[in-house]
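What follows is the content of input-v6.cif, which has mmCIF, C-alpha atoms and all ligand atoms:
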data_data
loop_
_atom_site.group_PDB
_atom_site.id
_atom_site.type_symbol
_atom_site.label_atom_id
_atom_site.label_comp_id
_atom_site.auth_asym_id
_atom_site.auth_seq_id
_atom_site.Cartn_x
_atom_site.Cartn_y
_atom_site.Cartn_z
ATOM 1 C CA MET A 1 285.589 37.232 -113.113
ATOM 2 C CA GLN A 2 286.528 33.690 -112.271
ATOM 3 C CA TRP A 3 284.501 30.793 -110.901
ATOM 4 C CA THR A 4 286.365 28.042 -109.073
ATOM 5 C CA THR A 5 285.089 25.070 -107.105
ATOM 6 C CA GLU A 6 286.296 24.207 -103.630
ATOM 7 C CA THR A 7 285.901 20.544 -102.712
ATOM 8 C CA LEU A 8 285.416 19.246 -99.208
ATOM 9 C CA ALA A 9 285.579 15.565 -98.337
ATOM 10 C CA GLY A 10 282.523 14.188 -96.558
ATOM 11 C CA ASP A 11 282.720 12.167 -93.371
ATOM 12 C CA THR A 12 281.906 8.913 -95.148
ATOM 13 C CA GLU A 13 283.446 7.283 -98.189
ATOM 14 C CA GLY A 14 282.004 8.354 -101.503
ATOM 15 C CA VAL A 15 280.794 11.735 -100.317
ATOM 16 C CA THR A 16 282.337 15.007 -101.510
ATOM 17 C CA TYR A 17 280.869 18.478 -101.102
ATOM 18 C CA THR A 18 281.481 21.232 -103.634
ATOM 19 C CA LEU A 19 281.523 24.927 -102.983
ATOM 20 C CA PRO A 20 281.486 27.390 -105.911
ATOM 21 C CA VAL A 21 283.558 30.537 -105.361
ATOM 22 C CA LEU A 22 283.445 33.651 -107.541
ATOM 23 C CA ARG A 23 286.379 36.036 -107.657
ATOM 24 C CA PHE A 24 286.796 39.424 -109.264
ATOM 25 C CA ALA A 25 290.350 40.716 -109.562
ATOM 26 C CA GLY A 26 290.883 44.344 -108.635
ATOM 27 C CA THR A 27 292.616 46.925 -110.801
ATOM 28 C CA ASP A 28 294.175 48.758 -107.852
ATOM 29 C CA GLU A 29 296.397 46.860 -105.408
ATOM 30 C CA GLY A 30 295.835 49.511 -102.779
ATOM 31 C CA ALA A 31 292.040 49.457 -102.971
ATOM 32 C CA PRO A 32 290.012 47.808 -100.206
ATOM 33 C CA THR A 33 288.913 44.235 -100.834
ATOM 34 C CA ALA A 34 285.664 42.495 -99.946
ATOM 35 C CA TYR A 35 284.456 38.989 -99.106
ATOM 36 C CA LEU A 36 280.784 37.977 -99.085
ATOM 37 C CA GLN A 37 279.261 34.663 -98.131
ATOM 38 C CA ALA A 38 275.634 33.609 -97.833
ATOM 39 C CA ALA A 39 273.605 30.784 -96.284
ATOM 40 C CA LEU A 40 276.067 29.676 -93.629
ATOM 41 C CA HIS A 41 272.818 28.631 -91.962
ATOM 42 C CA ALA A 42 271.895 26.590 -94.982
ATOM 43 C CA GLY A 43 268.188 27.413 -95.059
ATOM 44 C CA GLU A 44 268.681 31.188 -94.939
ATOM 45 C CA LEU A 45 268.245 32.029 -98.590
ATOM 46 C CA PRO A 46 267.676 35.825 -98.833
ATOM 47 C CA GLY A 47 271.453 36.315 -98.945
ATOM 48 C CA VAL A 48 271.761 33.737 -101.717
ATOM 49 C CA VAL A 49 269.241 35.480 -103.948
ATOM 50 C CA ALA A 50 270.751 38.871 -103.078
ATOM 51 C CA VAL A 51 274.120 37.599 -104.317
ATOM 52 C CA ASP A 52 272.383 36.256 -107.427
ATOM 53 C CA ALA A 53 271.112 39.773 -108.122
ATOM 54 C CA LEU A 54 274.420 41.419 -107.173
ATOM 55 C CA VAL A 55 276.677 39.395 -109.485
ATOM 56 C CA PRO A 56 275.386 40.939 -112.766
ATOM 57 C CA LYS A 57 276.054 44.419 -111.337
ATOM 58 C CA LEU A 58 279.599 43.410 -110.458
ATOM 59 C CA ALA A 59 280.099 41.652 -113.815
ATOM 60 C CA LYS A 60 279.135 44.904 -115.553
ATOM 61 C CA ALA A 61 281.500 46.881 -113.340
ATOM 62 C CA HIS A 62 284.233 44.342 -114.103
ATOM 63 C CA ALA A 63 283.633 44.556 -117.858
ATOM 64 C CA GLU A 64 283.944 48.337 -117.626
ATOM 65 C CA GLY A 65 287.138 48.165 -115.527
ATOM 66 C CA ARG A 66 285.495 49.590 -112.400
ATOM 67 C CA ILE A 67 286.364 46.833 -109.889
ATOM 68 C CA ARG A 68 289.202 48.470 -107.972
ATOM 69 C CA GLY A 69 289.551 46.034 -105.064
ATOM 70 C CA ALA A 70 289.445 42.247 -105.292
ATOM 71 C CA ILE A 71 286.096 40.666 -104.413
ATOM 72 C CA THR A 72 285.525 37.064 -103.330
ATOM 73 C CA ILE A 73 281.976 35.675 -103.121
ATOM 74 C CA VAL A 74 280.803 32.318 -101.801
ATOM 75 C CA PRO A 75 277.120 32.436 -102.795
ATOM 76 C CA ALA A 76 276.020 29.291 -100.939
ATOM 77 C CA CYS A 77 278.701 28.568 -98.404
ATOM 78 C CA ASN A 78 277.326 25.542 -96.564
ATOM 79 C CA PRO A 79 276.779 22.449 -98.726
ATOM 80 C CA VAL A 80 277.101 20.291 -95.609
ATOM 81 C CA GLY A 81 273.998 21.850 -94.057
ATOM 82 C CA ARG A 82 272.218 22.050 -97.405
ATOM 83 C CA LEU A 83 272.181 18.243 -97.513
ATOM 84 C CA GLN A 84 270.454 17.831 -94.173
ATOM 85 C CA TYR A 85 266.851 17.263 -95.265
ATOM 86 C CA HIS A 86 264.877 15.195 -92.785
ATOM 87 C CA PHE A 87 261.252 14.271 -93.293
ATOM 88 C CA GLY A 88 260.930 17.022 -95.869
ATOM 89 C CA GLU A 89 262.344 19.791 -93.673
ATOM 90 C CA LEU A 90 265.782 21.350 -94.051
ATOM 91 C CA GLN A 91 267.837 21.305 -90.860
ATOM 92 C CA GLY A 92 270.400 23.887 -91.888
ATOM 93 C CA ARG A 93 271.336 25.541 -88.602
ATOM 94 C CA PHE A 94 273.021 22.737 -86.660
ATOM 95 C CA HIS A 95 275.297 20.040 -87.991
ATOM 96 C CA LEU A 96 273.465 16.819 -87.228
ATOM 97 C CA GLY A 97 276.645 14.838 -86.655
ATOM 98 C CA THR A 98 278.126 17.125 -84.022
ATOM 99 C CA ARG A 99 274.956 19.004 -82.911
ATOM 100 C CA THR A 100 276.991 22.181 -83.355
ATOM 101 C CA ASN A 101 275.603 25.383 -84.839
ATOM 102 C CA PHE A 102 277.220 25.995 -88.224
ATOM 103 C CA ASN A 103 277.885 29.544 -87.065
ATOM 104 C CA ARG A 104 279.729 28.668 -83.882
ATOM 105 C CA ASP A 105 283.119 27.263 -83.026
ATOM 106 C CA PHE A 106 285.068 28.827 -85.857
ATOM 107 C CA PRO A 107 288.811 28.772 -85.225
ATOM 108 C CA LEU A 108 289.869 31.935 -83.345
ATOM 109 C CA LEU A 109 293.242 32.703 -84.846
ATOM 110 C CA PRO A 110 295.908 34.775 -83.140
ATOM 111 C CA LYS A 111 296.444 36.852 -86.274
ATOM 112 C CA PRO A 112 294.822 37.214 -89.701
ATOM 113 C CA ASP A 113 297.106 34.716 -91.381
ATOM 114 C CA ALA A 114 295.731 31.581 -93.043
ATOM 115 C CA SER A 115 298.986 29.743 -92.384
ATOM 116 C CA THR A 116 298.138 29.757 -88.668
ATOM 117 C CA LEU A 117 295.095 27.583 -89.440
ATOM 118 C CA GLY A 118 297.265 24.533 -90.107
ATOM 119 C CA PRO A 119 295.980 21.487 -91.988
ATOM 120 C CA GLU A 120 292.205 21.002 -92.017
ATOM 121 C CA THR A 121 291.079 18.529 -89.371
ATOM 122 C CA GLY A 122 287.885 17.213 -87.827
ATOM 123 C CA THR A 123 284.417 16.529 -89.146
ATOM 124 C CA ALA A 124 283.112 18.013 -92.396
ATOM 125 C CA ASP A 125 281.438 20.944 -90.622
ATOM 126 C CA GLN A 126 284.648 21.754 -88.747
ATOM 127 C CA ARG A 127 286.724 21.552 -91.918
ATOM 128 C CA LEU A 128 284.158 23.727 -93.718
ATOM 129 C CA LYS A 129 284.633 26.429 -91.063
ATOM 130 C CA GLN A 130 288.402 26.268 -91.458
ATOM 131 C CA ARG A 131 287.984 26.563 -95.248
ATOM 132 C CA LEU A 132 285.588 29.523 -95.093
ATOM 133 C CA LEU A 133 287.839 31.354 -92.669
ATOM 134 C CA ALA A 134 290.807 30.737 -94.961
ATOM 135 C CA LEU A 135 288.836 32.069 -97.949
ATOM 136 C CA SER A 136 287.816 35.217 -96.069
ATOM 137 C CA LEU A 137 291.185 36.078 -94.537
ATOM 138 C CA GLY A 138 292.994 38.984 -96.116
ATOM 139 C CA HIS A 139 289.886 40.897 -97.156
ATOM 140 C CA ASP A 140 289.198 44.326 -95.700
ATOM 141 C CA ILE A 141 285.407 43.953 -95.703
ATOM 142 C CA VAL A 142 283.813 40.660 -94.682
ATOM 143 C CA LEU A 143 280.029 40.306 -94.953
ATOM 144 C CA ASP A 144 278.216 37.181 -93.737
ATOM 145 C CA LEU A 145 274.624 37.226 -95.029
ATOM 146 C CA HIS A 146 272.030 35.702 -92.707
ATOM 147 C CA CYS A 147 268.337 36.175 -92.061
ATOM 148 C CA ASP A 148 266.014 35.989 -89.097
ATOM 149 C CA ASP A 149 262.376 34.931 -88.900
ATOM 150 C CA GLU A 150 259.772 37.551 -89.894
ATOM 151 C CA GLY A 151 261.330 40.894 -89.127
ATOM 152 C CA VAL A 152 262.748 44.175 -90.284
ATOM 153 C CA ALA A 153 266.105 43.987 -92.032
ATOM 154 C CA TYR A 154 268.868 44.549 -89.494
ATOM 155 C CA LEU A 155 272.612 44.387 -89.114
ATOM 156 C CA TYR A 156 274.319 42.446 -86.369
ATOM 157 C CA VAL A 157 277.632 44.158 -85.855
ATOM 158 C CA PRO A 158 280.544 43.673 -83.437
ATOM 159 C CA VAL A 159 280.563 46.712 -81.176
ATOM 160 C CA GLU A 160 284.174 47.369 -82.199
ATOM 161 C CA LEU A 161 282.992 47.975 -85.783
ATOM 162 C CA TRP A 162 280.374 50.578 -84.871
ATOM 163 C CA PRO A 163 280.125 53.302 -86.097
ATOM 164 C CA ALA A 164 282.576 52.135 -88.801
ATOM 165 C CA MET A 165 279.728 50.036 -90.263
ATOM 166 C CA GLU A 166 277.273 52.931 -90.337
ATOM 167 C CA ASP A 167 277.793 53.254 -94.089
ATOM 168 C CA CYS A 168 276.789 49.600 -94.464
ATOM 169 C CA ALA A 169 273.576 50.213 -92.501
ATOM 170 C CA ALA A 170 272.782 53.272 -94.593
ATOM 171 C CA ALA A 171 273.743 51.584 -97.877
ATOM 172 C CA MET A 172 271.628 48.526 -97.126
ATOM 173 C CA GLY A 173 268.727 50.634 -95.897
ATOM 174 C CA VAL A 174 268.236 48.379 -92.905
ATOM 175 C CA ALA A 175 265.807 49.432 -90.183
ATOM 176 C CA ALA A 176 268.002 48.646 -87.185
ATOM 177 C CA VAL A 177 271.443 47.692 -85.994
ATOM 178 C CA VAL A 178 272.207 45.402 -83.079
ATOM 179 C CA THR A 179 275.738 45.724 -81.783
ATOM 180 C CA TRP A 180 277.259 42.893 -79.817
ATOM 181 C CA GLY A 181 280.324 42.506 -77.674
ATOM 182 C CA GLY A 182 282.042 39.663 -75.862
ATOM 183 C CA SER A 183 282.048 36.140 -77.202
ATOM 184 C CA SER A 184 279.359 34.924 -79.591
ATOM 185 C CA GLY A 185 280.466 31.335 -79.418
ATOM 186 C CA ALA A 186 282.897 32.015 -82.250
ATOM 187 C CA SER A 187 280.319 32.852 -84.892
ATOM 188 C CA PHE A 188 281.251 33.926 -88.386
ATOM 189 C CA ASP A 189 277.298 35.593 -88.438
ATOM 190 C CA GLU A 190 264.626 31.394 -92.172
ATOM 191 C CA ALA A 191 263.957 31.979 -95.322
ATOM 192 C CA SER A 192 262.168 35.246 -95.987
ATOM 193 C CA LEU A 193 258.587 35.163 -97.177
ATOM 194 C CA HIS A 194 259.460 37.056 -100.292
ATOM 195 C CA PRO A 195 263.159 36.452 -100.887
ATOM 196 C CA TRP A 196 263.062 37.460 -104.530
ATOM 197 C CA LEU A 197 261.426 40.768 -103.651
ATOM 198 C CA HIS A 198 264.186 41.471 -101.145
ATOM 199 C CA ALA A 199 266.986 40.294 -103.384
ATOM 200 C CA GLN A 200 267.124 43.303 -105.681
ATOM 201 C CA SER A 201 267.103 45.920 -102.915
ATOM 202 C CA ASP A 202 269.627 43.904 -100.899
ATOM 203 C CA ALA A 203 271.842 43.628 -103.975
ATOM 204 C CA GLU A 204 271.562 47.393 -104.539
ATOM 205 C CA GLY A 205 272.518 47.982 -100.904
ATOM 206 C CA LEU A 206 275.511 45.665 -101.088
ATOM 207 C CA TYR A 207 276.644 47.318 -104.327
ATOM 208 C CA ARG A 208 276.181 50.812 -102.829
ATOM 209 C CA LEU A 209 278.411 49.816 -99.910
ATOM 210 C CA LEU A 210 281.112 48.418 -102.206
ATOM 211 C CA VAL A 211 281.080 51.724 -104.120
ATOM 212 C CA ALA A 212 281.041 53.801 -100.919
ATOM 213 C CA ARG A 213 284.038 51.916 -99.547
ATOM 214 C CA GLY A 214 286.002 52.194 -102.792
ATOM 215 C CA VAL A 215 285.989 48.500 -103.775
ATOM 216 C CA VAL A 216 283.978 49.334 -106.930
ATOM 217 C CA GLU A 217 284.122 52.603 -108.801
ATOM 218 C CA ASP A 218 280.779 53.974 -109.969
ATOM 219 C CA ALA A 219 280.312 57.733 -110.166
ATOM 220 C CA ALA A 220 276.632 57.236 -110.988
ATOM 221 C CA GLU A 221 275.957 55.525 -107.676
ATOM 222 C CA SER A 222 274.384 57.898 -105.184
ATOM 223 C CA PRO A 223 275.986 58.093 -101.739
ATOM 224 C CA ALA A 224 274.309 56.110 -99.010
ATOM 225 C CA GLY A 225 273.744 59.118 -96.771
ATOM 226 C CA ARG A 226 273.424 58.850 -93.028
ATOM 227 C CA PHE A 227 271.937 55.873 -91.204
ATOM 228 C CA GLY A 228 268.748 56.990 -89.472
ATOM 229 C CA GLY A 229 267.586 53.761 -87.867
ATOM 230 C CA LEU A 230 267.837 52.295 -84.423
ATOM 231 C CA VAL A 231 271.194 51.270 -82.956
ATOM 232 C CA ALA A 232 271.088 49.334 -79.706
ATOM 233 C CA PRO A 233 273.418 47.065 -77.738
ATOM 234 C CA ILE A 234 272.513 43.406 -77.725
ATOM 235 C CA THR A 235 271.900 43.499 -73.979
ATOM 236 C CA HIS A 236 268.733 45.485 -74.740
ATOM 237 C CA VAL A 237 267.262 42.648 -76.794
ATOM 238 C CA ASP A 238 264.374 40.949 -74.992
ATOM 239 C CA VAL A 239 263.683 37.547 -76.495
ATOM 240 C CA VAL A 240 260.004 37.201 -75.554
ATOM 241 C CA THR A 241 258.956 33.557 -75.291
ATOM 242 C CA ALA A 242 255.561 31.860 -75.450
ATOM 243 C CA PRO A 243 254.317 31.139 -71.906
ATOM 244 C CA ARG A 244 251.956 28.456 -73.219
ATOM 245 C CA ALA A 245 251.774 26.227 -76.283
ATOM 246 C CA GLY A 246 249.052 27.101 -78.738
ATOM 247 C CA ALA A 247 247.984 29.164 -81.724
ATOM 248 C CA ILE A 248 249.502 32.649 -81.922
ATOM 249 C CA LEU A 249 247.569 35.841 -82.685
ATOM 250 C CA PHE A 250 250.011 38.740 -82.994
ATOM 251 C CA ASP A 251 249.044 42.321 -82.098
ATOM 252 C CA VAL A 252 252.321 43.773 -83.340
ATOM 253 C CA GLU A 253 254.438 43.625 -86.454
ATOM 254 C CA SER A 254 258.156 43.924 -86.999
ATOM 255 C CA GLY A 255 259.123 47.576 -86.939
ATOM 256 C CA ASP A 256 256.414 48.610 -84.454
ATOM 257 C CA ARG A 257 257.157 50.713 -81.370
ATOM 258 C CA VAL A 258 255.514 49.307 -78.246
ATOM 259 C CA ALA A 259 254.964 50.553 -74.703
ATOM 260 C CA LYS A 260 255.654 48.598 -71.535
ATOM 261 C CA GLY A 261 252.586 46.518 -70.662
ATOM 262 C CA GLN A 262 251.177 46.618 -74.182
ATOM 263 C CA ARG A 263 249.750 43.333 -75.460
ATOM 264 C CA LEU A 264 252.111 41.795 -78.016
ATOM 265 C CA ALA A 265 250.204 38.615 -78.801
ATOM 266 C CA THR A 266 247.500 36.286 -77.578
ATOM 267 C CA ILE A 267 248.094 32.550 -77.319
ATOM 268 C CA VAL A 268 244.985 30.432 -77.799
ATOM 269 C CA HIS A 269 245.638 27.206 -75.915
ATOM 270 C CA GLY A 270 242.074 26.150 -75.013
ATOM 271 C CA PRO A 271 239.954 27.206 -77.988
ATOM 272 C CA GLY A 272 236.382 27.986 -76.961
ATOM 273 C CA GLN A 273 237.083 27.421 -73.287
ATOM 274 C CA PRO A 274 236.914 29.978 -70.460
ATOM 275 C CA ASP A 275 240.448 31.247 -69.815
ATOM 276 C CA GLY A 276 241.434 29.440 -72.976
ATOM 277 C CA SER A 277 243.823 32.198 -74.054
ATOM 278 C CA THR A 278 246.812 33.974 -72.527
ATOM 279 C CA ASP A 279 248.051 37.453 -73.347
ATOM 280 C CA VAL A 280 251.766 38.125 -73.847
ATOM 281 C CA ILE A 281 252.708 41.564 -72.525
ATOM 282 C CA ALA A 282 255.665 43.786 -73.446
ATOM 283 C CA PRO A 283 258.199 43.564 -70.602
ATOM 284 C CA GLN A 284 259.377 47.087 -71.416
ATOM 285 C CA SER A 285 258.956 49.754 -74.058
ATOM 286 C CA GLY A 286 260.925 49.281 -77.242
ATOM 287 C CA TYR A 287 261.020 48.243 -80.866
ATOM 288 C CA ILE A 288 259.826 44.973 -82.442
ATOM 289 C CA LEU A 289 262.816 43.630 -84.357
ATOM 290 C CA THR A 290 261.437 40.261 -85.454
ATOM 291 C CA ARG A 291 258.615 37.818 -84.814
ATOM 292 C CA VAL A 292 258.354 34.134 -85.675
ATOM 293 C CA SER A 293 256.698 33.233 -88.947
ATOM 294 C CA ARG A 294 255.067 30.127 -87.492
ATOM 295 C CA ARG A 295 251.679 30.499 -85.809
ATOM 296 C CA SER A 296 251.818 27.350 -83.693
ATOM 297 C CA LEU A 297 254.403 27.114 -80.922
ATOM 298 C CA TYR A 298 255.490 25.026 -77.984
ATOM 299 C CA ALA A 299 255.601 26.558 -74.517
ATOM 300 C CA GLY A 300 258.937 28.335 -74.142
ATOM 301 C CA ASP A 301 259.538 28.830 -77.860
ATOM 302 C CA ASP A 302 260.767 32.252 -78.946
ATOM 303 C CA LEU A 303 257.879 34.507 -79.964
ATOM 304 C CA LEU A 304 259.566 37.773 -80.906
ATOM 305 C CA LYS A 305 262.603 39.954 -80.328
ATOM 306 C CA LEU A 306 261.957 43.285 -78.660
ATOM 307 C CA VAL A 307 264.814 45.811 -78.621
ATOM 308 C CA GLY A 308 264.127 47.495 -75.300
ATOM 309 C CA ASP A 309 264.772 51.119 -74.433
ATOM 310 C CA ALA A 310 266.664 49.762 -71.401
ATOM 311 C CA PRO A 311 268.729 46.644 -70.792
ATOM 312 C CA SER A 312 266.586 43.541 -70.907
ATOM 313 C CA ALA A 313 266.125 41.196 -67.962
ATOM 314 C CA ASN A 314 267.198 38.278 -70.172
ATOM 315 C CA GLY A 315 269.709 40.197 -72.281
ATOM 316 C CA ARG A 316 273.055 38.646 -72.956
ATOM 317 C CA GLU A 317 276.305 39.430 -74.681
ATOM 318 C CA GLY A 318 277.583 37.594 -77.701
ATOM 319 C CA ALA A 319 275.322 35.516 -79.943
ATOM 320 C CA LEU A 320 271.736 36.652 -80.398
ATOM 321 C CA GLU A 321 270.389 33.116 -80.081
ATOM 322 C CA ASP A 322 271.574 29.513 -79.895
HETATM 323 ZN ZN ZN A 401 271.934 32.570 -89.663
#

Transcribe the structure of this file into structure tokens.
Ligand SMILES: [Zn+2]
Amino acid sequence: MQWTTETLAGDTEGVTYTLPVLRFAGTDEGAPTAYLQAALHAGELPGVVAVDALVPKLAKAHAEGRIRGAITIVPACNPVGRLQYHFGELQGRFHLGTRTNFNRDFPLLPKPDASTLGPETGTADQRLKQRLLALSLGHDIVLDLHCDDEGVAYLYVPVELWPAMEDCAAAMGVAAVVTWGGSSGASFDEASLHPWLHAQSDAEGLYRLLVARGVVEDAAESPAGRFGGLVAPITHVDVVTAPRAGAILFDVESGDRVAKGQRLATIVHGPGQPDGSTDVIAPQSGYILTRVSRRSLYAGDDLLKLVGDAPSANGREGALED
């Protein structure tokens, strides 16, 4: 178990970012290896606290000689975004200097070889992406821990890796899987209301997967079983937006099944006035994956994600959102 610190020069003199990295050596050269990173979108902290809860489990496994495959963990992988506090709010999704999403525009290498990356170039966010890719290359299992707004826990999986990631879904106990194909804008992939409550179960799920895949040996760990949740292509995801600005009253929660035409929410835009509210109707039958945690929105803001039983009218391949 070894902590090291990666350093990344800032874009102005006198600024240096640091990036702690934790490595566990494996006892078996032939065993699968794993890489985990959290908070690439710097405000998405459930993955960070899940890693915090996972590390003691791995340290115990290491002390008992049960880490078979090497494990690399970057618990908070985006110090560049972490710095971007403005007027008391963290802006951790887009790099302010380049207006680029921290989870887009990673280098797309021709082969999994860090030497093809070349010397790090560009702005701090671009060099951070090159560094994270270099750290992850060579591992058999790469997990990028993100979160959504309010919602059920779900996996976002390249279609090529399904059903190979079914054990991950079952181990994590997620409610749904969204598979995506095509380009996501070169993604690698809001804080939860109760991140510390989620951390332990997420850590148990991550550990269960590492045991199931043979990275960690633990005969006492029960197998993950079969994944029984929803699996749907990303083209079925309806991002339902608010037709008016106003206060939001939701009729549905994450995890609900809804029928086409069912009221999902009411937007109160003229409180106390006749016709002062507008209903938002389900465009098709399906499953509520997430809803926003805010209760005051602009017109056109995303309200919720509905995984439709059929392809969505606004469905798209690649990244789930901008
Ligand atoms: Zn994210």

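Neighbours of ligand ZN 401 (chain A) at a cut-off of 10 Å, computed so that all atoms listed in the file are counted, are the residues Ala38, Ala39, Leu40, His41, Ala42, Gly43, Glu44, Leu45, Gly92, Arg93, Asn101, Phe102, Asn103, Asp144, Leu145, His146, Cys147, Asp148, Asp149, Ser187, Phe188, Asp189, Glu190, Ala191 and Glu321 of chain A.
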
Expected file: the selected residues, C-alpha atoms, as a PDB file, keeping the file's coordinate frame:
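Produced file result.pdb, reproduced below:
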ATOM      1  CA  ALA A  38     275.634  33.609 -97.833  1.00  0.00           C
ATOM      2  CA  ALA A  39     273.605  30.784 -96.284  1.00  0.00           C
ATOM      3  CA  LEU A  40     276.067  29.676 -93.629  1.00  0.00           C
ATOM      4  CA  HIS A  41     272.818  28.631 -91.962  1.00  0.00           C
ATOM      5  CA  ALA A  42     271.895  26.590 -94.982  1.00  0.00           C
ATOM      6  CA  GLY A  43     268.188  27.413 -95.059  1.00  0.00           C
ATOM      7  CA  GLU A  44     268.681  31.188 -94.939  1.00  0.00           C
ATOM      8  CA  LEU A  45     268.245  32.029 -98.590  1.00  0.00           C
ATOM      9  CA  GLY A  92     270.400  23.887 -91.888  1.00  0.00           C
ATOM     10  CA  ARG A  93     271.336  25.541 -88.602  1.00  0.00           C
ATOM     11  CA  ASN A 101     275.603  25.383 -84.839  1.00  0.00           C
ATOM     12  CA  PHE A 102     277.220  25.995 -88.224  1.00  0.00           C
ATOM     13  CA  ASN A 103     277.885  29.544 -87.065  1.00  0.00           C
ATOM     14  CA  ASP A 144     278.216  37.181 -93.737  1.00  0.00           C
ATOM     15  CA  LEU A 145     274.624  37.226 -95.029  1.00  0.00           C
ATOM     16  CA  HIS A 146     272.030  35.702 -92.707  1.00  0.00           C
ATOM     17  CA  CYS A 147     268.337  36.175 -92.061  1.00  0.00           C
ATOM     18  CA  ASP A 148     266.014  35.989 -89.097  1.00  0.00           C
ATOM     19  CA  ASP A 149     262.376  34.931 -88.900  1.00  0.00           C
ATOM     20  CA  SER A 187     280.319  32.852 -84.892  1.00  0.00           C
ATOM     21  CA  PHE A 188     281.251  33.926 -88.386  1.00  0.00           C
ATOM     22  CA  ASP A 189     277.298  35.593 -88.438  1.00  0.00           C
ATOM     23  CA  GLU A 190     264.626  31.394 -92.172  1.00  0.00           C
ATOM     24  CA  ALA A 191     263.957  31.979 -95.322  1.00  0.00           C
ATOM     25  CA  GLU A 321     270.389  33.116 -80.081  1.00  0.00           C
TER      26      GLU A 321
END

Translate the PyMOL selection byres (((chain A and resi 48-56) around 10) and not hetatm), as applied to the file shown, into an explicit residue set as an NGL selection string.
-> :A and (1 or 22 or 36-39 or 42-47 or 57-62 or 73-77 or 145-146 or 195-207)

Among listed residues A:Val177, A:Leu128, A:Ala242, A:Ala34, nearest Thr18 of chain A (using only C-alpha atoms) = A:Leu128

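The closest residue to Ala220 of chain A, picked from A:Leu109, A:Ile281, A:Val292, A:Arg66 and counting all atoms listed in the file, is A:Arg66.
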
Close residues, Phe227 of chain A itself excluded, 12 Å, only C-alpha atoms, min 5 positions apart in chain, as JSON, numbers by chain = {"A": [154, 155, 162, 163, 164, 165, 166, 167, 168, 169, 170, 171, 172, 173, 174, 175, 176, 177]}

Minimum-distance residue to Arg291 of chain A, chosen among A:Gly88, A:Gly255, A:Pro243, A:Gly261 (using all atoms listed in the file) =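 Once distances to Arg291 of chain A are computed over all atoms listed in the file, the minimum belongs to A:Gly255.
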